[in-house]
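J.: My structure is in my_file05.tsv, and what it holds is TSV, C-alpha atoms:
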```tsv
chain	number	residue	atom	x	y	z
Y	1	MET	CA	51.46	-28.36	-47.85
Y	2	PRO	CA	52.20	-28.43	-44.06
Y	3	LEU	CA	51.81	-24.65	-44.15
Y	4	ILE	CA	48.30	-24.94	-45.55
Y	5	ALA	CA	47.31	-27.69	-43.15
Y	6	GLY	CA	48.67	-25.56	-40.32
Y	7	GLY	CA	46.72	-22.54	-41.54
Y	8	VAL	CA	43.47	-24.44	-41.81
Y	9	GLY	CA	44.20	-26.12	-38.48
Y	10	ILE	CA	44.53	-22.76	-36.74
Y	11	PHE	CA	41.23	-21.59	-38.17
Y	12	VAL	CA	39.44	-24.77	-37.17
Y	13	LEU	CA	40.97	-24.61	-33.70
Y	14	ALA	CA	39.94	-21.00	-33.33
Y	15	GLY	CA	36.44	-21.96	-34.47
Y	16	VAL	CA	36.21	-24.77	-31.93
Y	17	VAL	CA	37.51	-22.57	-29.11
Y	18	PHE	CA	35.04	-19.87	-30.06
Y	19	GLY	CA	32.20	-22.37	-30.34
Y	20	VAL	CA	32.87	-23.90	-26.95
Y	21	THR	CA	33.32	-20.64	-25.08
Y	22	TYR	CA	30.40	-18.90	-26.79
Y	23	PHE	CA	27.84	-21.70	-26.98
Y	24	GLY	CA	29.03	-23.63	-23.94
Y	25	SER	CA	28.87	-20.61	-21.64
Y	26	PRO	CA	25.90	-20.27	-19.27
Y	27	LYS	CA	25.34	-16.94	-21.04
Y	28	PHE	CA	24.16	-19.06	-23.97
Y	29	THR	CA	22.85	-22.21	-22.30
Y	30	ASP	CA	20.93	-20.56	-19.43
Y	31	VAL	CA	20.28	-16.86	-20.05
Y	32	GLY	CA	16.93	-16.43	-21.74
Y	33	TYR	CA	15.38	-19.56	-20.23
Y	34	ARG	CA	11.66	-18.79	-20.11
Y	35	PRO	CA	9.65	-21.98	-19.61
Y	36	ILE	CA	5.92	-22.09	-20.25
Y	37	GLN	CA	4.19	-22.16	-16.86
Y	38	PRO	CA	1.03	-24.17	-16.11
Y	39	ILE	CA	-0.87	-20.91	-15.46
Y	40	ALA	CA	-0.71	-17.63	-17.34
Y	41	TYR	CA	0.39	-15.88	-14.16
Y	42	SER	CA	1.92	-12.48	-14.88
Y	43	HIS	CA	4.42	-10.64	-12.69
Y	44	LYS	CA	3.82	-7.61	-14.88
Y	45	LEU	CA	0.21	-7.46	-13.69
Y	46	HIS	CA	0.69	-8.47	-10.05
Y	47	ALA	CA	4.08	-6.96	-9.18
Y	48	GLY	CA	4.00	-4.17	-11.77
Y	49	ASP	CA	0.46	-2.81	-12.21
Y	50	LEU	CA	-0.89	-3.89	-8.82
Y	51	GLY	CA	2.41	-2.88	-7.23
Y	52	MET	CA	2.48	-5.87	-4.89
Y	53	ASP	CA	5.67	-6.33	-2.92
Y	54	CYS	CA	7.69	-9.43	-3.83
Y	55	ARG	CA	7.55	-10.56	-0.21
Y	56	TYR	CA	3.75	-10.86	-0.26
Y	57	CYS	CA	4.28	-14.07	-2.23
Y	58	HIS	CA	7.97	-14.92	-1.82
Y	59	THR	CA	7.61	-14.79	1.95
Y	60	ALA	CA	10.79	-16.62	2.94
Y	61	VAL	CA	13.22	-14.53	0.90
Y	62	GLU	CA	14.44	-12.52	3.90
Y	63	VAL	CA	14.75	-15.36	6.35
Y	64	SER	CA	15.95	-18.42	4.46
Y	65	ALA	CA	18.14	-19.62	1.63
Y	66	LYS	CA	15.13	-20.16	-0.62
Y	67	ALA	CA	12.79	-17.42	-1.75
Y	68	THR	CA	10.03	-20.04	-2.12
Y	69	VAL	CA	7.29	-19.99	-4.75
Y	70	PRO	CA	3.91	-19.25	-3.11
Y	71	PRO	CA	1.39	-22.02	-2.30
Y	72	THR	CA	-2.09	-22.00	-3.86
Y	73	GLN	CA	-3.44	-20.48	-0.65
Y	74	THR	CA	-1.64	-17.22	-1.42
Y	75	CYS	CA	-3.31	-16.89	-4.83
Y	76	MET	CA	-6.68	-17.73	-3.35
Y	77	ASN	CA	-6.35	-14.87	-0.84
Y	78	CYS	CA	-7.59	-12.66	-3.65
Y	79	HIS	CA	-8.91	-15.04	-6.26
Y	80	VAL	CA	-11.71	-16.44	-4.09
Y	81	ILE	CA	-13.38	-13.10	-4.70
Y	82	CYS	CA	-11.47	-11.71	-7.68
Y	83	MET	CA	-12.54	-13.31	-10.98
Y	84	PRO	CA	-13.85	-16.61	-9.54
Y	85	GLU	CA	-15.05	-17.59	-13.03
Y	86	SER	CA	-11.84	-16.96	-14.95
Y	87	GLU	CA	-10.75	-19.70	-17.37
Y	88	LYS	CA	-7.11	-18.87	-16.81
Y	89	LEU	CA	-7.49	-19.47	-13.08
Y	90	LEU	CA	-9.09	-22.90	-13.42
Y	91	PRO	CA	-5.92	-24.84	-12.50
Y	92	VAL	CA	-5.55	-22.70	-9.37
Y	93	ARG	CA	-9.09	-23.46	-8.24
Y	94	ASP	CA	-8.58	-27.16	-9.05
Y	95	SER	CA	-5.43	-27.29	-7.00
Y	96	TRP	CA	-7.27	-25.53	-4.16
Y	97	ALA	CA	-10.21	-27.93	-4.24
Y	98	LYS	CA	-8.07	-31.06	-4.53
Y	99	LYS	CA	-5.43	-29.80	-2.07
Y	100	GLU	CA	-2.72	-30.62	-4.57
Y	101	ALA	CA	0.32	-28.42	-5.16
Y	102	LEU	CA	0.54	-26.45	-8.40
Y	103	GLU	CA	3.48	-27.62	-10.47
Y	104	TRP	CA	5.31	-24.46	-11.45
Y	105	VAL	CA	8.31	-24.96	-13.69
Y	106	ARG	CA	11.52	-23.93	-12.03
Y	107	VAL	CA	13.44	-21.18	-13.83
Y	108	HIS	CA	16.56	-20.31	-11.86
Y	109	LYS	CA	18.78	-23.06	-10.60
Y	110	ILE	CA	22.40	-23.18	-9.57
Y	111	PRO	CA	24.09	-26.59	-9.50
Y	112	ASP	CA	23.56	-28.66	-6.35
Y	113	TYR	CA	27.28	-28.47	-5.47
Y	114	ALA	CA	27.16	-24.70	-4.95
Y	115	VAL	CA	25.53	-22.88	-2.03
Y	116	PHE	CA	23.37	-19.84	-2.46
Y	117	ASP	CA	21.44	-18.04	0.28
Y	118	HIS	CA	18.85	-15.35	-0.43
Y	119	SER	CA	18.63	-14.05	3.14
Y	120	ALA	CA	22.38	-13.34	3.27
Y	121	HIS	CA	22.03	-11.12	0.20
Y	122	ILE	CA	18.68	-9.45	0.94
Y	123	ASN	CA	19.64	-8.54	4.52
Y	124	ARG	CA	22.88	-6.91	3.31
Y	125	GLY	CA	20.97	-4.78	0.83
Y	126	VAL	CA	21.43	-6.54	-2.53
Y	127	GLY	CA	18.22	-5.96	-4.50
Y	128	CYS	CA	16.26	-8.51	-6.52
Y	129	THR	CA	16.94	-6.65	-9.78
Y	130	SER	CA	20.71	-7.21	-9.48
Y	131	CYS	CA	20.15	-10.90	-10.11
Y	132	HIS	CA	16.66	-11.29	-11.59
Y	133	GLY	CA	16.27	-8.13	-13.66
Y	134	ARG	CA	13.01	-6.24	-14.05
Y	135	ILE	CA	10.64	-9.01	-12.97
Y	136	ASP	CA	7.85	-6.45	-12.71
Y	137	GLN	CA	7.97	-5.99	-16.50
Y	138	MET	CA	7.90	-9.69	-17.37
Y	139	GLU	CA	4.69	-11.43	-18.42
Y	140	VAL	CA	6.57	-14.71	-18.02
Y	141	VAL	CA	9.65	-15.00	-15.81
Y	142	MET	CA	12.90	-15.22	-17.78
Y	143	GLN	CA	16.42	-15.76	-16.53
Y	144	VAL	CA	18.49	-12.67	-17.39
Y	145	GLN	CA	21.78	-13.38	-15.61
Y	146	PRO	CA	24.07	-16.38	-16.24
Y	147	LEU	CA	24.28	-17.38	-12.52
Y	148	SER	CA	27.75	-18.71	-13.34
Y	149	MET	CA	30.65	-18.75	-10.91
Y	150	GLY	CA	32.36	-15.89	-12.72
Y	151	TRP	CA	29.22	-13.80	-12.41
Y	152	CYS	CA	28.88	-14.49	-8.67
Y	153	LEU	CA	32.54	-13.63	-8.12
Y	154	ASN	CA	32.32	-10.46	-10.16
Y	155	CYS	CA	29.92	-9.03	-7.64
Y	156	HIS	CA	31.59	-10.59	-4.61
Y	157	ARG	CA	34.86	-8.87	-5.52
Y	158	ASN	CA	33.17	-5.52	-5.97
Y	159	PRO	CA	29.56	-5.29	-4.75
Y	160	ASP	CA	29.59	-1.47	-4.44
Y	161	MET	CA	27.11	-0.69	-7.21
Y	162	HIS	CA	24.60	-3.23	-5.88
Y	163	LEU	CA	24.25	-2.18	-2.24
Y	164	ARG	CA	21.05	-0.35	-1.34
Y	165	PRO	CA	19.31	0.99	1.74
Y	166	LEU	CA	17.67	-2.04	3.37
Y	167	ASP	CA	14.10	-0.88	2.73
Y	168	GLN	CA	14.75	-0.65	-1.03
Y	169	VAL	CA	15.67	-4.27	-1.81
Y	170	THR	CA	12.37	-5.11	-3.47
Y	171	ASN	CA	12.03	-1.75	-5.22
Y	172	MET	CA	12.23	-2.51	-8.94
Y	173	GLU	CA	12.80	1.10	-9.94
Y	174	TRP	CA	15.80	1.80	-7.71
Y	175	ILE	CA	18.82	3.20	-9.50
Y	176	ALA	CA	22.15	3.94	-7.90
Y	177	PRO	CA	22.32	7.62	-6.81
Y	178	ASP	CA	25.28	9.81	-7.82
Y	179	ASP	CA	27.07	9.34	-4.52
Y	180	GLN	CA	26.59	5.55	-4.59
Y	181	LEU	CA	30.28	4.78	-4.05
Y	182	LEU	CA	30.39	6.87	-0.87
Y	183	LEU	CA	27.16	5.30	0.41
Y	184	ALA	CA	28.48	1.83	-0.41
Y	185	GLU	CA	31.55	2.43	1.77
Y	186	GLN	CA	29.22	3.40	4.59
Y	187	PHE	CA	26.93	0.36	4.08
Y	188	LYS	CA	29.93	-1.95	4.02
Y	189	LEU	CA	31.06	-0.68	7.41
Y	190	GLU	CA	27.59	-0.64	8.99
Y	191	ARG	CA	26.59	-4.09	7.77
Y	192	ASN	CA	30.04	-5.63	7.99
Y	193	ILE	CA	29.90	-6.74	4.36
Y	194	ASN	CA	32.63	-9.08	3.24
Y	195	PRO	CA	31.41	-11.43	0.50
Y	196	PRO	CA	33.26	-14.76	0.32
Y	197	THR	CA	35.70	-15.28	-2.59
Y	198	ASP	CA	37.38	-18.40	-1.22
Y	199	CYS	CA	36.19	-21.74	-2.56
Y	200	THR	CA	34.66	-22.91	0.73
Y	201	GLY	CA	32.39	-19.87	0.80
Y	202	CYS	CA	30.21	-21.37	-1.91
Y	203	HIS	CA	31.33	-25.01	-2.20
Y	204	ARG	CA	30.79	-26.45	1.25
O	1	MET	CA	53.60	-18.02	-52.02
O	2	ILE	CA	51.19	-16.33	-49.67
O	3	PHE	CA	48.63	-15.87	-52.49
O	4	ASN	CA	48.98	-19.49	-53.27
O	5	LEU	CA	47.95	-20.33	-49.75
O	6	PHE	CA	44.82	-18.26	-49.96
O	7	ASN	CA	43.90	-19.72	-53.33
O	8	ASN	CA	44.05	-23.12	-51.79
O	9	TRP	CA	42.24	-21.99	-48.65
O	10	ILE	CA	39.15	-20.97	-50.57
O	11	SER	CA	39.17	-24.15	-52.63
O	12	PRO	CA	35.75	-25.82	-53.07
O	13	LYS	CA	36.73	-28.53	-50.63
O	14	THR	CA	37.42	-26.13	-47.79
O	15	MET	CA	34.35	-24.12	-48.72
O	16	SER	CA	32.33	-27.07	-47.45
O	17	ILE	CA	32.94	-25.95	-43.84
O	18	VAL	CA	30.99	-22.77	-44.52
O	19	PRO	CA	27.59	-24.51	-44.19
O	20	LEU	CA	28.90	-26.04	-40.98
O	21	LEU	CA	29.78	-22.59	-39.66
O	22	LEU	CA	26.37	-21.31	-40.71
O	23	ALA	CA	24.71	-24.21	-38.92
O	24	VAL	CA	26.57	-23.30	-35.73
O	25	MET	CA	25.54	-19.66	-36.16
O	26	ALA	CA	21.93	-20.79	-36.59
O	27	MET	CA	22.06	-22.02	-33.00
O	28	GLY	CA	21.49	-18.40	-32.17
O	29	CYS	CA	23.01	-15.67	-30.07
O	30	GLN	CA	23.47	-15.46	-26.35
O	31	GLY	CA	20.49	-14.32	-24.33
O	32	LYS	CA	17.72	-15.23	-26.78
O	33	PRO	CA	14.53	-16.37	-24.98
O	34	PHE	CA	13.85	-20.11	-25.21
O	35	GLU	CA	11.39	-22.52	-23.63
O	36	LYS	CA	13.07	-25.93	-23.46
O	37	PRO	CA	15.09	-26.77	-20.32
O	38	PRO	CA	18.71	-25.60	-20.63
O	39	ILE	CA	21.23	-28.17	-21.87
O	40	HIS	CA	24.53	-28.19	-20.03
O	41	PRO	CA	27.34	-29.52	-22.25
O	42	ASN	CA	29.13	-30.75	-19.14
O	43	PRO	CA	26.52	-31.81	-16.54
O	44	ASN	CA	29.09	-32.41	-13.76
O	45	MET	CA	27.08	-32.97	-10.58
O	46	ASP	CA	24.62	-30.17	-11.32
O	47	THR	CA	21.62	-32.27	-10.36
O	48	GLN	CA	22.39	-34.58	-7.51
O	49	ASN	CA	20.35	-37.42	-6.16
O	50	ARG	CA	18.79	-35.44	-3.34
O	51	TYR	CA	15.64	-33.49	-2.54
O	52	ASN	CA	15.69	-29.71	-2.66
O	53	PRO	CA	13.06	-27.53	-0.94
O	54	GLN	CA	9.78	-27.38	-2.88
O	55	SER	CA	10.87	-30.08	-5.32
O	56	SER	CA	8.61	-32.98	-6.23
O	57	SER	CA	9.10	-36.52	-4.99
O	58	ASP	CA	8.58	-39.92	-6.62
O	59	PHE	CA	8.70	-41.60	-3.26
O	60	PHE	CA	5.72	-40.15	-1.42
O	61	ALA	CA	2.25	-40.81	-2.75
O	62	ASP	CA	1.23	-37.15	-2.70
O	63	GLY	CA	4.36	-36.18	-4.67
O	64	MET	CA	5.59	-33.64	-2.12
O	65	THR	CA	9.13	-33.59	-0.78
O	66	MET	CA	8.32	-31.36	2.16
O	67	ARG	CA	6.23	-33.30	4.68
O	68	MET	CA	3.37	-32.17	6.86
O	69	PRO	CA	3.58	-32.89	10.61
O	70	VAL	CA	1.75	-36.06	11.66
O	71	PRO	CA	-1.78	-35.14	12.80
O	72	GLY	CA	-2.09	-34.75	16.55
O	73	THR	CA	1.60	-34.07	17.13
O	74	VAL	CA	3.26	-30.86	18.30
O	75	ALA	CA	6.79	-29.94	17.28
O	76	GLN	CA	9.24	-28.93	19.99
O	77	GLY	CA	8.82	-25.29	20.92
O	78	GLU	CA	5.47	-25.04	19.13
O	79	LEU	CA	3.06	-25.76	21.95
O	80	ASN	CA	2.12	-22.08	21.90
O	81	GLU	CA	0.81	-22.08	25.46
O	82	ASN	CA	0.73	-18.32	25.83
O	83	SER	CA	-2.78	-17.77	24.60
O	84	ALA	CA	-2.68	-13.97	24.69
O	85	TYR	CA	0.43	-13.92	22.51
O	86	TYR	CA	-0.39	-16.72	20.09
O	87	ARG	CA	-4.14	-16.31	19.76
O	88	GLY	CA	-4.96	-12.85	21.06
O	89	VAL	CA	-7.44	-14.19	23.62
O	90	ASP	CA	-7.10	-14.53	27.40
O	91	ASP	CA	-7.81	-17.72	29.34
O	92	GLN	CA	-11.54	-16.99	29.44
O	93	GLY	CA	-11.61	-16.68	25.65
O	94	ASN	CA	-12.06	-12.89	25.57
O	95	PHE	CA	-10.02	-10.81	23.18
O	96	VAL	CA	-7.10	-9.08	24.89
O	97	THR	CA	-7.48	-5.31	24.81
O	98	ASP	CA	-3.79	-4.40	24.61
O	99	ASN	CA	-0.93	-5.37	22.39
O	100	SER	CA	0.90	-8.48	23.69
O	101	VAL	CA	4.32	-7.08	22.87
O	102	GLU	CA	6.05	-3.96	24.14
O	103	LEU	CA	5.44	-0.90	21.97
O	104	THR	CA	8.64	0.65	20.67
O	105	ASP	CA	9.62	2.79	17.70
O	106	GLU	CA	11.21	-0.23	16.09
O	107	LEU	CA	8.03	-2.25	16.45
O	108	LEU	CA	6.01	0.46	14.75
O	109	LEU	CA	8.48	0.78	11.87
O	110	ARG	CA	8.47	-2.99	11.46
O	111	GLY	CA	4.68	-2.90	11.54
O	112	GLN	CA	4.61	-0.19	8.90
O	113	ALA	CA	6.86	-2.16	6.55
O	114	ARG	CA	4.86	-5.37	7.04
O	115	TYR	CA	1.53	-3.57	6.70
O	116	ASN	CA	2.64	-2.08	3.40
O	117	ILE	CA	3.59	-5.51	2.09
O	118	TYR	CA	0.61	-7.58	3.20
O	119	CYS	CA	-2.35	-5.31	3.85
O	120	SER	CA	-1.92	-2.29	1.57
O	121	PRO	CA	-3.00	-3.97	-1.70
O	122	CYS	CA	-6.52	-4.12	-0.23
O	123	HIS	CA	-6.78	-1.68	2.68
O	124	SER	CA	-4.47	0.95	1.07
O	125	ARG	CA	-1.46	2.56	2.71
O	126	VAL	CA	-3.60	4.90	4.81
O	127	GLY	CA	-6.09	2.23	5.81
O	128	ASP	CA	-9.17	3.73	4.18
O	129	GLY	CA	-10.03	0.47	2.41
O	130	LYS	CA	-9.41	1.90	-1.06
O	131	GLY	CA	-6.39	-0.22	-1.97
O	132	ILE	CA	-5.38	-0.69	-5.60
O	133	ILE	CA	-7.33	-3.92	-5.81
O	134	THR	CA	-10.62	-2.02	-5.61
O	135	GLN	CA	-9.84	-0.60	-9.05
O	136	TYR	CA	-9.88	-4.14	-10.44
O	137	LYS	CA	-12.53	-6.86	-10.39
O	138	TYR	CA	-12.76	-7.17	-6.62
O	139	PRO	CA	-16.44	-6.69	-5.73
O	140	ILE	CA	-16.27	-6.66	-1.92
O	141	PRO	CA	-14.85	-3.45	-0.48
O	142	PRO	CA	-12.21	-4.01	2.22
O	143	THR	CA	-13.12	-2.34	5.52
O	144	SER	CA	-11.84	1.14	6.30
O	145	PHE	CA	-10.05	1.38	9.64
O	146	HIS	CA	-11.31	4.91	10.23
O	147	SER	CA	-14.79	4.28	11.58
O	148	ASP	CA	-15.90	4.22	15.22
O	149	ILE	CA	-16.78	0.53	15.04
O	150	VAL	CA	-13.30	-0.45	13.97
O	151	ARG	CA	-11.66	1.99	16.40
O	152	GLN	CA	-13.43	0.27	19.26
O	153	MET	CA	-12.26	-3.21	18.32
O	154	ASP	CA	-9.73	-4.81	20.67
O	155	ASP	CA	-6.10	-5.38	19.72
O	156	GLY	CA	-6.73	-9.07	20.27
O	157	TYR	CA	-9.54	-8.97	17.70
O	158	PHE	CA	-7.27	-7.39	15.07
O	159	PHE	CA	-4.75	-10.10	15.80
O	160	SER	CA	-7.41	-12.73	15.33
O	161	VAL	CA	-8.55	-11.18	12.03
O	162	ILE	CA	-5.00	-11.42	10.65
O	163	THR	CA	-4.58	-14.96	12.01
O	164	ASN	CA	-7.92	-16.49	11.08
O	165	GLY	CA	-9.38	-14.10	8.55
O	166	VAL	CA	-12.92	-12.79	8.83
O	167	ARG	CA	-15.89	-13.29	6.48
O	168	ASN	CA	-14.41	-12.35	3.07
O	169	MET	CA	-10.95	-11.53	4.30
O	170	PRO	CA	-8.45	-14.41	4.03
O	171	SER	CA	-6.24	-15.69	6.86
O	172	TYR	CA	-2.66	-14.42	6.83
O	173	LYS	CA	-1.21	-16.85	9.35
O	174	HIS	CA	0.85	-18.68	6.73
O	175	GLN	CA	2.45	-15.52	5.45
O	176	ILE	CA	2.99	-13.44	8.60
O	177	PRO	CA	4.79	-14.74	11.71
O	178	VAL	CA	3.28	-14.01	15.14
O	179	ASP	CA	5.66	-11.14	16.11
O	180	ASP	CA	4.93	-9.38	12.87
O	181	ARG	CA	1.18	-9.71	13.35
O	182	TRP	CA	1.45	-7.82	16.63
O	183	ALA	CA	3.65	-5.22	14.95
O	184	ILE	CA	0.96	-4.74	12.29
O	185	VAL	CA	-1.73	-4.41	14.96
O	186	ALA	CA	0.31	-1.65	16.61
O	187	TYR	CA	0.75	0.11	13.29
O	188	VAL	CA	-2.96	-0.08	12.42
O	189	ARG	CA	-3.62	1.67	15.76
O	190	ALA	CA	-1.12	4.36	14.77
O	191	LEU	CA	-2.88	4.74	11.41
O	192	GLN	CA	-6.20	5.19	13.17
O	193	HIS	CA	-4.74	7.89	15.41
O	194	SER	CA	-3.26	9.64	12.39
O	195	GLN	CA	-6.73	10.17	10.91
O	196	ASN	CA	-8.54	10.90	14.16
O	197	ALA	CA	-6.36	13.17	16.24
O	198	SER	CA	-7.33	16.36	17.99
O	199	LEU	CA	-5.09	19.26	18.89
O	200	SER	CA	-4.83	18.03	22.48
O	201	ASP	CA	-3.12	14.81	21.30
O	202	ILE	CA	-0.20	16.84	20.04
O	203	PRO	CA	2.61	17.76	22.44
O	204	VAL	CA	2.31	21.44	23.42
O	205	ALA	CA	5.75	22.18	22.02
O	206	ALA	CA	4.77	20.92	18.57
O	207	ARG	CA	1.41	22.72	18.33
O	208	GLN	CA	3.10	25.94	17.28
O	209	GLU	CA	4.42	24.09	14.25
O	210	LEU	CA	0.87	23.15	13.16
O	211	SER	CA	-0.80	26.53	13.38
O	212	ARG	CA	1.79	28.10	11.13
```
The structure in this file should be written as structure tokens.
T.:
Amino acid sequence: MPLIAGGVGIFVLAGVVFGVTYFGSPKFTDVGYRPIQPIAYSHKLHAGDLGMDCRYCHTAVEVSAKATVPPTQTCMNCHVICMPESEKLLPVRDSWAKKEALEWVRVHKIPDYAVFDHSAHINRGVGCTSCHGRIDQMEVVMQVQPLSMGWCLNCHRNPDMHLRPLDQVTNMEWIAPDDQLLLAEQFKLERNINPPTDCTGCHR
Amino acid sequence: MIFNLFNNWISPKTMSIVPLLLAVMAMGCQGKPFEKPPIHPNPNMDTQNRYNPQSSSDFFADGMTMRMPVPGTVAQGELNENSAYYRGVDDQGNFVTDNSVELTDELLLRGQARYNIYCSPCHSRVGDGKGIITQYKYPIPPTSFHSDIVRQMDDGYFFSVITNGVRNMPSYKHQIPVDDRWAIVAYVRALQHSQNASLSDIPVAARQELSR
């Protein structure tokens, strides 16, 4: 009898451990988050087909911690003239006329107790795709990386495969060349790259 | 003995956890797209009682966390007295003819990078006004930089076009900082030269290269 109880107990325990680690992990809870946005804005059209650079809209990404989502003004740069009648653009025109901010739904978020800085990564040559995936192929933005502490540290311990020439950071099609490891050594020296792995680096 | 254990293990009673397991499985696999906000089993202090940039606010009537400066006030260091640099006009209100910053290789490369980000969708990478947007529903053709009229415009005028926009072209002052606007002006000049150069513009030493 105790043997059987023990056997069942082990299975149940294993099940619980599996359940918690599999379904409790940010890989389950956060990856794949793709909220419905107030406007059918498509990165596939604007960043992919039109080939616009990310920085046209996410202007602060190189100079501040936040990449910033563009204000209505940025959309109206083109959409005053381009498709002024479009149904899909009605909320944009409304927001423009009423001078009220568009309420985009936030996709990526790390907890408030951790520090993340875009400019530190972009200016050392870490490209957008390393953390956001192929945004230029997404109709609707989806989170593709867990943004968990383990994931951050994985790259901080060994960023070699993610370091690019500085003018390639927003290039969605960049793939590491054959001599990437050699280049990475060179980049690390030139740019003095030494990502923090101590707790105070990210929890300040 | 061991068989006994298994017989008991698959008894109807224990079988009842199978639906439970299936229910857990039905929660899905990792990485499946979903629309509802993520649920964190252990919320810790993920969302703290503070304002983050670009977040909304219940406190201010207009719902914005980031505040506009009070009308009629000037922030420290933003008086922008140097009219030639900040507005591209001299004290009499005429456009300055030359670039307000020193021309260097770095400035031109910076200008090239910035031009390709902000101007190329409309004016194209070579500045002929046939940017990708003209292949879509954009009825007003952006100006080509390679005409005599545009060549004769002052640097200060270019600066003002970027800052304030002109007719159907929008203002870019929110997107492009002042230094970068001057860098772009310098690069547009370089683009114009590239399409309108004569043999005498080329250093004698390099001419050989061309005629080959």
J.: Please report as a tab-separated table every residue of chain O lying within 9 Å of chain Y, along with the nearest atom pair and their distance in Å (one decimal), using all atoms listed in the file.
T.:
```
residue	atom	partner	partner_atom	distance
O:Leu5	CA	Y:Ile4	CA	6.2
O:Phe6	CA	Y:Ile4	CA	8.7
O:Asn8	CA	Y:Ile4	CA	7.8
O:Trp9	CA	Y:Val8	CA	7.4
O:Thr14	CA	Y:Val8	CA	8.7
O:Leu21	CA	Y:Gly15	CA	8.5
O:Val24	CA	Y:Gly19	CA	7.8
O:Met27	CA	Y:Phe23	CA	8.4
O:Gly28	CA	Y:Phe28	CA	8.6
O:Cys29	CA	Y:Phe28	CA	7.1
O:Gln30	CA	Y:Phe28	CA	4.4
O:Gly31	CA	Y:Gly32	CA	4.9
O:Lys32	CA	Y:Gly32	CA	5.2
O:Pro33	CA	Y:Gly32	CA	4.0
O:Phe34	CA	Y:Tyr33	CA	5.2
O:Glu35	CA	Y:Pro35	CA	4.4
O:Lys36	CA	Y:Pro35	CA	6.5
O:Pro37	CA	Y:Tyr33	CA	7.2
O:Pro38	CA	Y:Thr29	CA	5.6
O:Ile39	CA	Y:Thr29	CA	6.2
O:His40	CA	Y:Thr29	CA	6.6
O:Pro41	CA	Y:Gly24	CA	6.4
O:Asn42	CA	Y:Gly24	CA	8.6
O:Asn44	CA	Y:Pro111	CA	8.8
O:Met45	CA	Y:Tyr113	CA	6.8
O:Asp46	CA	Y:Pro111	CA	4.1
O:Thr47	CA	Y:Asp112	CA	5.7
O:Gln48	CA	Y:Asp112	CA	6.1
O:Arg50	CA	Y:Asp112	CA	8.8
O:Asn52	CA	Y:Asp112	CA	8.8
O:Pro53	CA	Y:Lys66	CA	7.7
O:Gln54	CA	Y:Thr68	CA	7.4
O:Ser56	CA	Y:Glu103	CA	8.5
O:Asp62	CA	Y:Glu100	CA	7.9
O:Gly63	CA	Y:Ala101	CA	8.8
O:Met64	CA	Y:Ala101	CA	8.0
O:Ala113	CA	Y:Asp167	CA	8.3
O:Asn116	CA	Y:Asp53	CA	8.2
O:Ile117	CA	Y:Asp53	CA	5.5
O:Tyr118	CA	Y:Tyr56	CA	5.7
O:Ser120	CA	Y:Met52	CA	8.6
O:Pro121	CA	Y:Met52	CA	6.6
O:Ile132	CA	Y:Leu50	CA	6.4
O:Ile133	CA	Y:Leu50	CA	7.1
O:Tyr136	CA	Y:Cys82	CA	8.2
O:Lys137	CA	Y:Cys82	CA	5.7
O:Tyr138	CA	Y:Cys82	CA	4.8
O:Pro139	CA	Y:Ile81	CA	7.2
O:Ile140	CA	Y:Ile81	CA	7.6
O:Asn168	CA	Y:Ile81	CA	7.9
O:Met169	CA	Y:Asn77	CA	7.7
O:Pro170	CA	Y:Asn77	CA	5.3
O:Ser171	CA	Y:Asn77	CA	7.7
O:Tyr172	CA	Y:Asn77	CA	8.5
O:His174	CA	Y:Thr74	CA	8.6
O:Gln175	CA	Y:Thr59	CA	6.3
O:Ile176	CA	Y:Thr59	CA	8.2
```
J.: Expressed in Å to a single decimal, how great is the separation between CA of Arg207 (chain O) and CA of Ala190 (chain O)?
T.: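 Separation between CA of Arg207 (chain O) and CA of Ala190 (chain O): 18.9 Å.
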J.: Using all atoms listed in the file, determine which residues lie at most 7 Å from region 176-184 of chain Y, disregarding the query and same-chain residues fewer than 6 positions distant; provide the list as a PyMOL selection string.
T.: chain Y and resi 160-161+163
J.: I want to know what sits within 8 Å of Val188 (chain O), based on only C-alpha atoms, with residues of the same chain fewer than 3 positions away left out; could you give that as a count of residues only?
T.: 6
J.: Do you have the CA of Pro196 (chain Y)-CA of Val63 (chain Y) distance handy?
T.: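 Straight-line distance from CA of Pro196 (chain Y) to CA of Val63 (chain Y) works out to 19.5 Å.
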J.: Residues near Asp154 (chain O), anyone? I mean within 8 Å using all atoms listed in the file, not counting same-chain ones fewer than 4 positions away, as a ChimeraX atom specification.
T.: /O:95-98,158
J.: Out of Y:Val115, Y:Leu102, Y:Ile175, Y:Ile39, which residue has the shortest atom-to-atom distance to His203 (chain Y) when counting all atoms listed in the file?
T.: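 Looking at the shortest contact to His203 (chain Y), the residue is Y:Val115.
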J.: Within 12 Å of Cys155 (chain Y), counting all atoms listed in the file, which residues show up once you throw out same-chain ones fewer than 6 positions away? Write them as a list in words, please.
T.: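 The neighbour list is His121, Val126, Ser130, Cys131, Leu147, Ser148, Met149, Met161, His162, Leu163, Asn194, Pro195, Pro196 and Thr197 of chain Y.
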J.: Between O:Asp105, O:Val89, O:Asp148, O:Met153, which has the minimum distance to Asn196 (chain O) (counting only C-alpha atoms)?
T.: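 Nearest candidate to Asn196 (chain O) out of O:Asp105, O:Val89, O:Asp148, O:Met153: O:Asp148.
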